[in-house]
Amino acid sequence: MSGISGNAARSGGYVGGVLRPHLSMLDAAAIEYVHEQSLRLLAEVGVRVPLARAQTLLKDAGAVVDDETQIVRFPRDLIESAIARAPKTVLLAARDPQKDALLDHTRSFATHDGMGAMCLDHRSGERRPSTARDLLEAMTVADALDEIGVLWYTAYPCDEEPRLQSLRGLQSMLAGSGKHVQGEVTDPAHVPYVMDILAAANPGGVWQAERPIFSIVYCPVSPLQHDAESLEAAILLAEQGVPITVYSLAIAGATAPITQAGTTVQTNAEELAAFAILQLAVPGCPLVYVGNAGIMDMRTSTYTSAGPEEILLNLALTEMGRHYGFPVLSCGLSSDAKELCVQVGSDGGPMAFCTILAGADLLTGAGMLDSAQLLYLPKLVLDAELVRQGQRLTAGLALDDEHVMLDVTRRVGPGGHFLAARETRRFLRNGELQLPHVFVRGSYDGWLADGRSESQRATEKVDEILATHHPLPLPDGAAQRIEEIIAAAGEEKTAE
Amino acid sequence: MKEQLTEALIAGNTDTVNALTQALLASGTSAREILDEALLPGMEVVGARMRSGECFIPEVLLSARTMQGALEILKPHLGAGEGAGLGTIVIGTVEGDLHDIGKNLVGMLLQGAGFAVVNLGTGVSAQQFVAAVRQHSPAILGMSALLTTTLPHMAETIAALQEAGLRDQVKVLIGGAPVTQAFADELGADGYGANAGMAVDRAKTLVAQAATPQAI
């Protein structure tokens, strides 16, 4: 086909439009194979569910529960009805409605990486345990960056009373941003306090289940088991309409088979089992499937969050989640590097682009070094640049007569130039070429005259945001109300 | 034959190690000599190769398991109190934490290095740690945690050891993703391992220090 004719018939039927790249690895037969192997695993090996309430529901639904080992074997129809029942689009609402993240498979929203307990202080350069202030600042910086759509409980406030950390974390997250926040609640006793805090932070002072401004990451414990308390907390929150991201995070070679195939099947099975339990407990509850798993570094026994095998795991699992129709969270941007260096970009960039091109609704991984353990705010700014590049990739290639610009080329003719054409100015202003915010293009002399390194530019951007950006304030009186709720939770804990 | 035994242990060849251990005993070599001159040097090599990145964790575990088999054979021939060599270590994951892959890995590597390991499992309370220290009189108590919210249980355990009058009798080694040297110092722990291999090294240093007479 010539591709330059305005006549559809003469150009082989091409009618023009935007062509968007998409990355796919599994064909229909491979998807079916992974699904069948996952069902076999759930029926033959099963999952340990040490929560009586869940066991009863599962028994009633036809699962085989071993009362001694607490291992549940799932029949096919139980899993497949959960797949059918789980919502296919999920709203992660924001306090600022303009920042809502509707997970409907049309775009990817980036989130922080997490959850770590260390911070590389961008002011002092010191690596130290993360604090409530670090968490608040991570929220504020992400609130200001359009490329970050949903905020994660990225680093624990280690300076807070440990038993109140998740409530203090929620407080920092809500105060630091008007965007949707996704946290962690592992103690069922905290649920009433969490709901009170969320009500206080909502406009109007009441929790709105149809506009959930908060969701949790719930982690089954690989291989193939659940923690009773965390599961109880997740069910209690699901009853209130809090969406749940189910993150099994098996570690290939240690808590899952070393092969990408084995880890894909086990992770898929763990996700489906959790979906089945939660859909039985709260039919129709909003859930997010996680298409990601870790790998053990076999030389040091530590967790690995990036590399080509990670990309393969992400692609396979994201495709499984998409096949079921679920909203999917996967990983990109994350790096095992300990400092800003080439590895950071090569770990995080290709993985982020693949995840975005595979169609994940959520892309976790922004703002951390050292395999999601070390918060470093300048990296958040640099990751936003990578997300913007990913967004440009998915914006695609507009291919039609107008964009081919044959008429302009005819006008310019051999030996002429396009700089004076009004079409050049128009497409430039319409975003045909994306301009980096922090990355460098242009002349060497210009770069030299600027005098700042990449990390200096990113650090300055962080400082500028922290000095000038004001997130949407909490409703009047909410900050004090939240403080009172946490104080009450503290007293109850002390009384225990 | 001792060199062959060392090589077989490094290679993780269980059958050969068992056969050579039995053959050495039969030929009159003492259990102590087999341990000190063949098995422990073999595990030293494995440990060194792990540190230098030449040897992978699953291979180290194979050698460690093989070492355990040989120790079972030697046990009846070792004098009372001689134990497995480096002494006993009690390990567990603190209360509220179900994550135990890291702790189990450390346990297996410690066994391989020559410690007798008592693994208390997950969700271990301060009082359970104290009871285990009382029962097993270990040289070292090892605690692990993955969740930051469960870290305070490490401090509670150290306080409980003090209350029970046992703190001076046992070294405390801690680890887990959120644990740092600074946290270990703050807690008054005797050691910290950033990963499984470092935990084993630290444990060996602690028992070596304990064995050295203190200057008066």
# chains A, B, ... in the order shown; residues from 1 in each chain; ligands from 1
call {"tool": "closest_atom_pairs", "arguments": {"of": "chain A", "to": "chain B", "cutoff": "6 Å", "atoms": "only C-alpha atoms", "output": "tab-separated table"}}
result
residue	atom	partner	partner_atom	distance
A:Ala117	CA	B:Pro178	CA	5.5
A:Pro162	CA	B:Thr149	CA	4.9
A:Met298	CA	B:Phe56	CA	5.2
A:Arg299	CA	B:Phe56	CA	5.0
call {"tool": "write_last_selection", "arguments": {"atoms": "all heavy atoms", "output": "mmCIF file, in the first residue's frame"}}
result
data_model
loop_
_atom_site.group_PDB
_atom_site.id
_atom_site.type_symbol
_atom_site.label_atom_id
_atom_site.label_comp_id
_atom_site.auth_asym_id
_atom_site.auth_seq_id
_atom_site.Cartn_x
_atom_site.Cartn_y
_atom_site.Cartn_z
ATOM 1 N N ALA A 117 11.264 0.749 54.080
ATOM 2 C CA ALA A 117 11.427 1.281 55.423
ATOM 3 C C ALA A 117 12.637 2.212 55.507
ATOM 4 O O ALA A 117 13.051 2.602 56.589
ATOM 5 C CB ALA A 117 11.570 0.138 56.425
ATOM 6 N N PRO A 162 4.901 2.081 66.529
ATOM 7 C CA PRO A 162 4.713 1.014 65.534
ATOM 8 C C PRO A 162 3.269 0.546 65.384
ATOM 9 O O PRO A 162 2.797 0.332 64.275
ATOM 10 C CB PRO A 162 5.595 -0.109 66.075
ATOM 11 C CG PRO A 162 6.638 0.584 66.862
ATOM 12 C CD PRO A 162 5.981 1.776 67.465
ATOM 13 N N MET A 298 20.131 -15.061 43.597
ATOM 14 C CA MET A 298 20.656 -16.325 44.095
ATOM 15 C C MET A 298 22.084 -16.243 44.625
ATOM 16 O O MET A 298 22.638 -17.218 45.086
ATOM 17 C CB MET A 298 20.555 -17.398 43.000
ATOM 18 C CG MET A 298 19.133 -17.841 42.782
ATOM 19 S SD MET A 298 18.443 -18.615 44.278
ATOM 20 C CE MET A 298 16.788 -19.007 43.726
ATOM 21 N N ARG A 299 22.675 -15.047 44.544
ATOM 22 C CA ARG A 299 24.009 -14.906 45.133
ATOM 23 C C ARG A 299 23.944 -14.313 46.532
ATOM 24 O O ARG A 299 24.832 -14.551 47.343
ATOM 25 C CB ARG A 299 24.907 -14.054 44.230
ATOM 26 C CG ARG A 299 25.289 -14.810 42.964
ATOM 27 C CD ARG A 299 26.237 -14.039 42.102
ATOM 28 N NE ARG A 299 25.635 -12.795 41.622
ATOM 29 C CZ ARG A 299 26.099 -12.104 40.601
ATOM 30 N NH1 ARG A 299 27.153 -12.523 39.958
ATOM 31 N NH2 ARG A 299 25.503 -11.002 40.227
#
call {"tool": "residues_around", "arguments": {"residues": "Arg76 (chain A)", "least_positions_apart": "2", "cutoff": "10 Å", "atoms": "only C-alpha atoms", "output": "PDB file with all heavy atoms, in the first residue's frame"}}
result
ATOM      1  N   GLU A  36      -5.545 -23.253  32.929  1.00  0.00           N
ATOM      2  CA  GLU A  36      -5.787 -24.651  33.332  1.00  0.00           C
ATOM      3  C   GLU A  36      -4.772 -25.123  34.362  1.00  0.00           C
ATOM      4  O   GLU A  36      -5.118 -25.811  35.325  1.00  0.00           O
ATOM      5  CB  GLU A  36      -5.756 -25.575  32.090  1.00  0.00           C
ATOM      6  CG  GLU A  36      -6.948 -25.389  31.163  1.00  0.00           C
ATOM      7  CD  GLU A  36      -8.289 -25.689  31.855  1.00  0.00           C
ATOM      8  OE1 GLU A  36      -8.355 -26.630  32.666  1.00  0.00           O
ATOM      9  OE2 GLU A  36      -9.274 -24.953  31.586  1.00  0.00           O
ATOM     10  N   SER A  38      -3.237 -23.254  36.486  1.00  0.00           N
ATOM     11  CA  SER A  38      -3.552 -22.551  37.730  1.00  0.00           C
ATOM     12  C   SER A  38      -4.699 -23.256  38.447  1.00  0.00           C
ATOM     13  O   SER A  38      -4.665 -23.450  39.671  1.00  0.00           O
ATOM     14  CB  SER A  38      -3.944 -21.095  37.445  1.00  0.00           C
ATOM     15  OG  SER A  38      -2.935 -20.456  36.698  1.00  0.00           O
ATOM     16  N   LEU A  39      -5.727 -23.653  37.683  1.00  0.00           N
ATOM     17  CA  LEU A  39      -6.864 -24.352  38.288  1.00  0.00           C
ATOM     18  C   LEU A  39      -6.424 -25.701  38.869  1.00  0.00           C
ATOM     19  O   LEU A  39      -6.894 -26.114  39.927  1.00  0.00           O
ATOM     20  CB  LEU A  39      -7.969 -24.567  37.242  1.00  0.00           C
ATOM     21  CG  LEU A  39      -8.718 -23.315  36.791  1.00  0.00           C
ATOM     22  CD1 LEU A  39      -9.805 -23.675  35.787  1.00  0.00           C
ATOM     23  CD2 LEU A  39      -9.331 -22.574  37.972  1.00  0.00           C
ATOM     24  N   ARG A  40      -5.513 -26.369  38.168  1.00  0.00           N
ATOM     25  CA  ARG A  40      -4.988 -27.643  38.689  1.00  0.00           C
ATOM     26  C   ARG A  40      -4.286 -27.421  40.024  1.00  0.00           C
ATOM     27  O   ARG A  40      -4.473 -28.179  40.973  1.00  0.00           O
ATOM     28  CB  ARG A  40      -3.978 -28.247  37.701  1.00  0.00           C
ATOM     29  CG  ARG A  40      -4.606 -29.079  36.613  1.00  0.00           C
ATOM     30  CD  ARG A  40      -3.537 -29.825  35.836  1.00  0.00           C
ATOM     31  NE  ARG A  40      -2.865 -30.848  36.651  1.00  0.00           N
ATOM     32  CZ  ARG A  40      -1.789 -31.535  36.248  1.00  0.00           C
ATOM     33  NH1 ARG A  40      -1.262 -31.293  35.072  1.00  0.00           N
ATOM     34  NH2 ARG A  40      -1.247 -32.445  37.024  1.00  0.00           N
ATOM     35  N   LEU A  42      -4.765 -25.091  42.181  1.00  0.00           N
ATOM     36  CA  LEU A  42      -5.730 -24.749  43.239  1.00  0.00           C
ATOM     37  C   LEU A  42      -6.556 -25.961  43.655  1.00  0.00           C
ATOM     38  O   LEU A  42      -6.958 -26.086  44.809  1.00  0.00           O
ATOM     39  CB  LEU A  42      -6.646 -23.614  42.760  1.00  0.00           C
ATOM     40  CG  LEU A  42      -5.944 -22.272  42.592  1.00  0.00           C
ATOM     41  CD1 LEU A  42      -6.867 -21.253  41.947  1.00  0.00           C
ATOM     42  CD2 LEU A  42      -5.437 -21.753  43.943  1.00  0.00           C
ATOM     43  N   ALA A  43      -6.807 -26.865  42.708  1.00  0.00           N
ATOM     44  CA  ALA A  43      -7.616 -28.044  43.025  1.00  0.00           C
ATOM     45  C   ALA A  43      -6.778 -29.145  43.676  1.00  0.00           C
ATOM     46  O   ALA A  43      -7.254 -29.867  44.546  1.00  0.00           O
ATOM     47  CB  ALA A  43      -8.282 -28.571  41.754  1.00  0.00           C
ATOM     48  N   GLY A  62     -18.493 -25.231  48.082  1.00  0.00           N
ATOM     49  CA  GLY A  62     -18.064 -26.462  47.417  1.00  0.00           C
ATOM     50  C   GLY A  62     -16.574 -26.746  47.480  1.00  0.00           C
ATOM     51  O   GLY A  62     -16.100 -27.720  46.885  1.00  0.00           O
ATOM     52  N   ALA A  63     -15.812 -25.911  48.222  1.00  0.00           N
ATOM     53  CA  ALA A  63     -14.377 -26.170  48.340  1.00  0.00           C
ATOM     54  C   ALA A  63     -14.145 -27.276  49.374  1.00  0.00           C
ATOM     55  O   ALA A  63     -14.970 -27.486  50.259  1.00  0.00           O
ATOM     56  CB  ALA A  63     -13.652 -24.904  48.767  1.00  0.00           C
ATOM     57  N   ARG A  73      -8.914 -26.650  49.009  1.00  0.00           N
ATOM     58  CA  ARG A  73      -8.771 -27.000  47.589  1.00  0.00           C
ATOM     59  C   ARG A  73      -9.991 -26.472  46.841  1.00  0.00           C
ATOM     60  O   ARG A  73     -11.120 -26.716  47.247  1.00  0.00           O
ATOM     61  CB  ARG A  73      -8.593 -28.510  47.448  1.00  0.00           C
ATOM     62  CG  ARG A  73      -7.254 -28.957  48.034  1.00  0.00           C
ATOM     63  CD  ARG A  73      -6.984 -30.430  47.851  1.00  0.00           C
ATOM     64  NE  ARG A  73      -5.626 -30.737  48.295  1.00  0.00           N
ATOM     65  CZ  ARG A  73      -5.270 -30.889  49.577  1.00  0.00           C
ATOM     66  NH1 ARG A  73      -6.177 -30.778  50.532  1.00  0.00           N
ATOM     67  NH2 ARG A  73      -4.022 -31.139  49.912  1.00  0.00           N
ATOM     68  N   PHE A  74      -9.698 -25.715  45.794  1.00  0.00           N
ATOM     69  CA  PHE A  74     -10.755 -24.971  45.095  1.00  0.00           C
ATOM     70  C   PHE A  74     -11.248 -25.715  43.871  1.00  0.00           C
ATOM     71  O   PHE A  74     -10.452 -26.016  42.976  1.00  0.00           O
ATOM     72  CB  PHE A  74     -10.212 -23.607  44.637  1.00  0.00           C
ATOM     73  CG  PHE A  74      -9.850 -22.668  45.750  1.00  0.00           C
ATOM     74  CD1 PHE A  74      -8.697 -22.850  46.491  1.00  0.00           C
ATOM     75  CD2 PHE A  74     -10.666 -21.587  46.048  1.00  0.00           C
ATOM     76  CE1 PHE A  74      -8.356 -21.976  47.508  1.00  0.00           C
ATOM     77  CE2 PHE A  74     -10.344 -20.706  47.065  1.00  0.00           C
ATOM     78  CZ  PHE A  74      -9.178 -20.901  47.803  1.00  0.00           C
ATOM     79  N   LEU A  78     -15.887 -22.691  41.389  1.00  0.00           N
ATOM     80  CA  LEU A  78     -15.746 -21.650  42.418  1.00  0.00           C
ATOM     81  C   LEU A  78     -14.847 -20.517  41.909  1.00  0.00           C
ATOM     82  O   LEU A  78     -15.142 -19.330  42.075  1.00  0.00           O
ATOM     83  CB  LEU A  78     -15.169 -22.284  43.700  1.00  0.00           C
ATOM     84  CG  LEU A  78     -14.860 -21.390  44.888  1.00  0.00           C
ATOM     85  CD1 LEU A  78     -16.024 -20.486  45.236  1.00  0.00           C
ATOM     86  CD2 LEU A  78     -14.491 -22.232  46.088  1.00  0.00           C
ATOM     87  N   ILE A  79     -13.751 -20.911  41.262  1.00  0.00           N
ATOM     88  CA  ILE A  79     -12.822 -19.906  40.717  1.00  0.00           C
ATOM     89  C   ILE A  79     -13.475 -19.177  39.537  1.00  0.00           C
ATOM     90  O   ILE A  79     -13.438 -17.941  39.446  1.00  0.00           O
ATOM     91  CB  ILE A  79     -11.512 -20.583  40.244  1.00  0.00           C
ATOM     92  CG1 ILE A  79     -10.777 -21.233  41.430  1.00  0.00           C
ATOM     93  CG2 ILE A  79     -10.617 -19.580  39.535  1.00  0.00           C
ATOM     94  CD1 ILE A  79     -10.293 -20.293  42.492  1.00  0.00           C
ATOM     95  N   GLU A  80     -14.114 -19.941  38.673  1.00  0.00           N
ATOM     96  CA  GLU A  80     -14.647 -19.305  37.464  1.00  0.00           C
ATOM     97  C   GLU A  80     -15.840 -18.403  37.772  1.00  0.00           C
ATOM     98  O   GLU A  80     -16.036 -17.374  37.119  1.00  0.00           O
ATOM     99  CB  GLU A  80     -14.941 -20.367  36.395  1.00  0.00           C
ATOM    100  CG  GLU A  80     -13.592 -20.972  35.937  1.00  0.00           C
ATOM    101  CD  GLU A  80     -13.649 -21.849  34.708  1.00  0.00           C
ATOM    102  OE1 GLU A  80     -14.689 -22.480  34.481  1.00  0.00           O
ATOM    103  OE2 GLU A  80     -12.616 -21.903  33.998  1.00  0.00           O
ATOM    104  N   SER A  81     -16.598 -18.738  38.817  1.00  0.00           N
ATOM    105  CA  SER A  81     -17.702 -17.819  39.149  1.00  0.00           C
ATOM    106  C   SER A  81     -17.151 -16.545  39.794  1.00  0.00           C
ATOM    107  O   SER A  81     -17.718 -15.461  39.614  1.00  0.00           O
ATOM    108  CB  SER A  81     -18.752 -18.502  40.038  1.00  0.00           C
ATOM    109  OG  SER A  81     -18.206 -18.775  41.296  1.00  0.00           O
TER     110      SER A  81
END
call {"tool": "closest_residue", "arguments": {"among": "A:Glu319, A:Glu239, A:Glu147, A:Glu339", "to": "Val387 (chain A)", "atoms": "only C-alpha atoms"}}
result
A:Glu147
call {"tool": "residues_around", "arguments": {"residues": "region 424-440 of chain A", "least_positions_apart": "5", "cutoff": "9 Å", "atoms": "only C-alpha atoms", "output": "list in words"}}
result
Val381, Leu382, Glu385, Arg388, Gln389, Arg392, His403, Phe418, Leu419, Trp447, Glu454, Arg457, Ala458 and Lys461 of chain A
call {"tool": "write_last_selection", "arguments": {"atoms": "N, CA, C and O atoms", "output": "PDB file, in the first residue's frame"}}
result
ATOM      1  N   VAL A 381      10.749  12.327  40.487  1.00  0.00           N
ATOM      2  CA  VAL A 381      10.706  13.312  39.401  1.00  0.00           C
ATOM      3  C   VAL A 381      11.224  12.693  38.094  1.00  0.00           C
ATOM      4  O   VAL A 381      10.640  12.883  37.023  1.00  0.00           O
ATOM      5  N   LEU A 382      12.300  11.904  38.196  1.00  0.00           N
ATOM      6  CA  LEU A 382      12.870  11.276  37.002  1.00  0.00           C
ATOM      7  C   LEU A 382      11.936  10.189  36.468  1.00  0.00           C
ATOM      8  O   LEU A 382      11.785  10.022  35.254  1.00  0.00           O
ATOM      9  N   GLU A 385       9.267  11.496  34.357  1.00  0.00           N
ATOM     10  CA  GLU A 385       9.727  11.724  32.978  1.00  0.00           C
ATOM     11  C   GLU A 385       9.576  10.447  32.141  1.00  0.00           C
ATOM     12  O   GLU A 385       9.143  10.491  30.981  1.00  0.00           O
ATOM     13  N   ARG A 388       5.957   9.892  31.365  1.00  0.00           N
ATOM     14  CA  ARG A 388       5.530  10.784  30.289  1.00  0.00           C
ATOM     15  C   ARG A 388       5.946  10.198  28.932  1.00  0.00           C
ATOM     16  O   ARG A 388       5.193  10.241  27.961  1.00  0.00           O
ATOM     17  N   GLN A 389       7.139   9.628  28.874  1.00  0.00           N
ATOM     18  CA  GLN A 389       7.572   8.982  27.625  1.00  0.00           C
ATOM     19  C   GLN A 389       6.661   7.797  27.292  1.00  0.00           C
ATOM     20  O   GLN A 389       6.297   7.592  26.131  1.00  0.00           O
ATOM     21  N   ARG A 392       3.534   9.000  25.865  1.00  0.00           N
ATOM     22  CA  ARG A 392       3.707   9.410  24.461  1.00  0.00           C
ATOM     23  C   ARG A 392       3.681   8.182  23.553  1.00  0.00           C
ATOM     24  O   ARG A 392       3.117   8.222  22.450  1.00  0.00           O
ATOM     25  N   HIS A 403      -1.646  13.925   8.587  1.00  0.00           N
ATOM     26  CA  HIS A 403      -0.361  13.746   9.256  1.00  0.00           C
ATOM     27  C   HIS A 403       0.759  13.348   8.303  1.00  0.00           C
ATOM     28  O   HIS A 403       1.923  13.578   8.583  1.00  0.00           O
ATOM     29  N   PHE A 418      10.914  22.549   6.208  1.00  0.00           N
ATOM     30  CA  PHE A 418       9.570  22.486   6.802  1.00  0.00           C
ATOM     31  C   PHE A 418       9.399  23.441   7.973  1.00  0.00           C
ATOM     32  O   PHE A 418       8.333  23.503   8.567  1.00  0.00           O
ATOM     33  N   LEU A 419      10.453  24.161   8.321  1.00  0.00           N
ATOM     34  CA  LEU A 419      10.390  24.977   9.531  1.00  0.00           C
ATOM     35  C   LEU A 419       9.416  26.138   9.404  1.00  0.00           C
ATOM     36  O   LEU A 419       8.845  26.590  10.386  1.00  0.00           O
ATOM     37  N   TRP A 447      24.298  22.624  27.891  1.00  0.00           N
ATOM     38  CA  TRP A 447      24.294  21.771  29.080  1.00  0.00           C
ATOM     39  C   TRP A 447      25.391  22.214  30.053  1.00  0.00           C
ATOM     40  O   TRP A 447      25.179  22.322  31.260  1.00  0.00           O
ATOM     41  N   GLU A 454      22.092  15.735  36.374  1.00  0.00           N
ATOM     42  CA  GLU A 454      20.726  15.221  36.327  1.00  0.00           C
ATOM     43  C   GLU A 454      20.127  15.173  37.734  1.00  0.00           C
ATOM     44  O   GLU A 454      18.984  15.583  37.964  1.00  0.00           O
ATOM     45  N   ARG A 457      19.230  18.602  38.967  1.00  0.00           N
ATOM     46  CA  ARG A 457      17.995  19.125  38.362  1.00  0.00           C
ATOM     47  C   ARG A 457      16.768  18.482  39.008  1.00  0.00           C
ATOM     48  O   ARG A 457      15.785  19.156  39.314  1.00  0.00           O
ATOM     49  N   ALA A 458      16.837  17.169  39.227  1.00  0.00           N
ATOM     50  CA  ALA A 458      15.698  16.477  39.830  1.00  0.00           C
ATOM     51  C   ALA A 458      15.507  16.910  41.286  1.00  0.00           C
ATOM     52  O   ALA A 458      14.381  17.110  41.748  1.00  0.00           O
ATOM     53  N   LYS A 461      13.895  20.257  41.471  1.00  0.00           N
ATOM     54  CA  LYS A 461      12.460  20.149  41.174  1.00  0.00           C
ATOM     55  C   LYS A 461      11.700  19.692  42.439  1.00  0.00           C
ATOM     56  O   LYS A 461      10.628  20.223  42.747  1.00  0.00           O
TER      57      LYS A 461
END
call {"tool": "residues_around", "arguments": {"residues": "region 228-232 of chain A", "least_positions_apart": "4", "cutoff": "10 Å", "atoms": "only C-alpha atoms", "output": "ChimeraX atom specification"}}
result
/A:48-54,184-189,191,218-220,236-238,274,277-278 /B:96,98
call {"tool": "select_by_dssp", "arguments": {"residues": "region 107-158 of chain A", "states": "strand (DSSP E or B)", "output": "list in words"}}
result
Phe109, Ala110, Thr111, His112, Gly116, Met118, Cys119, Leu120, Arg127, Arg128, Pro129, Ile148, Val150, Leu151, Trp152 and Ala155 of chain A
call {"tool": "residues_around", "arguments": {"residues": "Pro378 (chain A)", "least_positions_apart": "6", "cutoff": "10 Å", "atoms": "only C-alpha atoms", "output": "NGL selection string"}}
result
:A and (120-122 or 138 or 141 or 340 or 367-368 or 454-463)
call {"tool": "residues_around", "arguments": {"residues": "region 12-23 of chain A", "least_positions_apart": "5", "cutoff": "8 Å", "atoms": "only C-alpha atoms", "output": "list of chain:residue names"}}
result
A:Met1, A:Gly3, A:Cys354, A:Leu357, A:Ala358, A:Gly359, A:Leu393, A:Thr394, A:Ala395, A:Gly396, A:Leu397, A:Ala398, A:Leu399, A:Asp400, A:Asp401
call {"tool": "write_last_selection", "arguments": {"atoms": "N, CA and C atoms", "output": "PDB file, in the first residue's frame"}}
result
ATOM      1  N   MET A   1       0.844  -1.201   0.000  1.00  0.00           N
ATOM      2  CA  MET A   1       0.000   0.000   0.000  1.00  0.00           C
ATOM      3  C   MET A   1       0.874   1.242   0.000  1.00  0.00           C
ATOM      4  N   GLY A   3       0.058   4.373   1.046  1.00  0.00           N
ATOM      5  CA  GLY A   3      -0.055   5.062   2.329  1.00  0.00           C
ATOM      6  C   GLY A   3      -0.019   6.566   2.204  1.00  0.00           C
ATOM      7  N   CYS A 354       7.131  -1.636  28.746  1.00  0.00           N
ATOM      8  CA  CYS A 354       6.490  -2.931  28.445  1.00  0.00           C
ATOM      9  C   CYS A 354       5.178  -3.062  29.220  1.00  0.00           C
ATOM     10  N   LEU A 357       2.645  -0.803  27.642  1.00  0.00           N
ATOM     11  CA  LEU A 357       2.224  -1.299  26.322  1.00  0.00           C
ATOM     12  C   LEU A 357       1.441  -2.603  26.424  1.00  0.00           C
ATOM     13  N   ALA A 358       1.607  -3.322  27.537  1.00  0.00           N
ATOM     14  CA  ALA A 358       0.817  -4.541  27.743  1.00  0.00           C
ATOM     15  C   ALA A 358      -0.580  -4.204  28.243  1.00  0.00           C
ATOM     16  N   GLY A 359      -0.782  -2.932  28.611  1.00  0.00           N
ATOM     17  CA  GLY A 359      -2.128  -2.500  28.961  1.00  0.00           C
ATOM     18  C   GLY A 359      -2.470  -2.584  30.436  1.00  0.00           C
ATOM     19  N   LEU A 393       4.298   7.089  24.037  1.00  0.00           N
ATOM     20  CA  LEU A 393       4.271   5.851  23.246  1.00  0.00           C
ATOM     21  C   LEU A 393       2.840   5.388  23.014  1.00  0.00           C
ATOM     22  N   THR A 394       2.031   5.383  24.095  1.00  0.00           N
ATOM     23  CA  THR A 394       0.666   4.875  23.941  1.00  0.00           C
ATOM     24  C   THR A 394      -0.222   5.873  23.206  1.00  0.00           C
ATOM     25  N   ALA A 395       0.188   7.146  23.175  1.00  0.00           N
ATOM     26  CA  ALA A 395      -0.593   8.103  22.382  1.00  0.00           C
ATOM     27  C   ALA A 395      -0.548   7.699  20.908  1.00  0.00           C
ATOM     28  N   GLY A 396       0.505   6.995  20.544  1.00  0.00           N
ATOM     29  CA  GLY A 396       0.551   6.337  19.253  1.00  0.00           C
ATOM     30  C   GLY A 396       0.930   7.217  18.076  1.00  0.00           C
ATOM     31  N   LEU A 397       0.804   6.625  16.932  1.00  0.00           N
ATOM     32  CA  LEU A 397       1.191   7.248  15.674  1.00  0.00           C
ATOM     33  C   LEU A 397      -0.075   7.615  14.900  1.00  0.00           C
ATOM     34  N   ALA A 398      -0.281   8.923  14.712  1.00  0.00           N
ATOM     35  CA  ALA A 398      -1.430   9.353  13.920  1.00  0.00           C
ATOM     36  C   ALA A 398      -1.066   9.189  12.447  1.00  0.00           C
ATOM     37  N   LEU A 399      -1.779   8.321  11.774  1.00  0.00           N
ATOM     38  CA  LEU A 399      -1.438   8.012  10.383  1.00  0.00           C
ATOM     39  C   LEU A 399      -2.656   8.261   9.499  1.00  0.00           C
ATOM     40  N   ASP A 400      -2.631   9.427   8.839  1.00  0.00           N
ATOM     41  CA  ASP A 400      -3.704   9.766   7.893  1.00  0.00           C
ATOM     42  C   ASP A 400      -3.157  10.842   6.956  1.00  0.00           C
ATOM     43  N   ASP A 401      -3.965  11.277   6.025  1.00  0.00           N
ATOM     44  CA  ASP A 401      -3.480  12.235   5.024  1.00  0.00           C
ATOM     45  C   ASP A 401      -2.951  13.519   5.665  1.00  0.00           C
TER      46      ASP A 401
END
call {"tool": "decode", "arguments": {"residues": "region 275-281 of chain A", "atoms": "N, CA, C and O atoms", "output": "mmCIF file, in the first residue's frame"}}
result
data_model
loop_
_atom_site.group_PDB
_atom_site.id
_atom_site.type_symbol
_atom_site.label_atom_id
_atom_site.label_comp_id
_atom_site.auth_asym_id
_atom_site.auth_seq_id
_atom_site.Cartn_x
_atom_site.Cartn_y
_atom_site.Cartn_z
ATOM 1 N N PHE A 275 -9.134 -13.758 44.949
ATOM 2 C CA PHE A 275 -10.358 -13.213 44.339
ATOM 3 C C PHE A 275 -11.564 -14.058 44.762
ATOM 4 O O PHE A 275 -12.630 -13.531 45.085
ATOM 5 N N ALA A 276 -11.410 -15.382 44.739
ATOM 6 C CA ALA A 276 -12.529 -16.272 45.076
ATOM 7 C C ALA A 276 -12.959 -16.058 46.530
ATOM 8 O O ALA A 276 -14.155 -15.957 46.823
ATOM 9 N N ILE A 277 -11.990 -15.974 47.443
ATOM 10 C CA ILE A 277 -12.322 -15.779 48.866
ATOM 11 C C ILE A 277 -13.052 -14.443 49.051
ATOM 12 O O ILE A 277 -14.100 -14.366 49.694
ATOM 13 N N LEU A 278 -12.487 -13.386 48.464
ATOM 14 C CA LEU A 278 -13.059 -12.047 48.674
ATOM 15 C C LEU A 278 -14.415 -11.905 47.980
ATOM 16 O O LEU A 278 -15.323 -11.254 48.515
ATOM 17 N N GLN A 279 -14.585 -12.537 46.811
ATOM 18 C CA GLN A 279 -15.895 -12.449 46.142
ATOM 19 C C GLN A 279 -16.953 -13.251 46.891
ATOM 20 O O GLN A 279 -18.138 -12.906 46.844
ATOM 21 N N LEU A 280 -16.544 -14.321 47.578
ATOM 22 C CA LEU A 280 -17.515 -15.049 48.401
ATOM 23 C C LEU A 280 -17.902 -14.223 49.620
ATOM 24 O O LEU A 280 -19.064 -14.176 50.022
ATOM 25 N N ALA A 281 -16.903 -13.573 50.215
ATOM 26 C CA ALA A 281 -17.151 -12.800 51.442
ATOM 27 C C ALA A 281 -17.985 -11.552 51.140
ATOM 28 O O ALA A 281 -18.901 -11.217 51.887
#
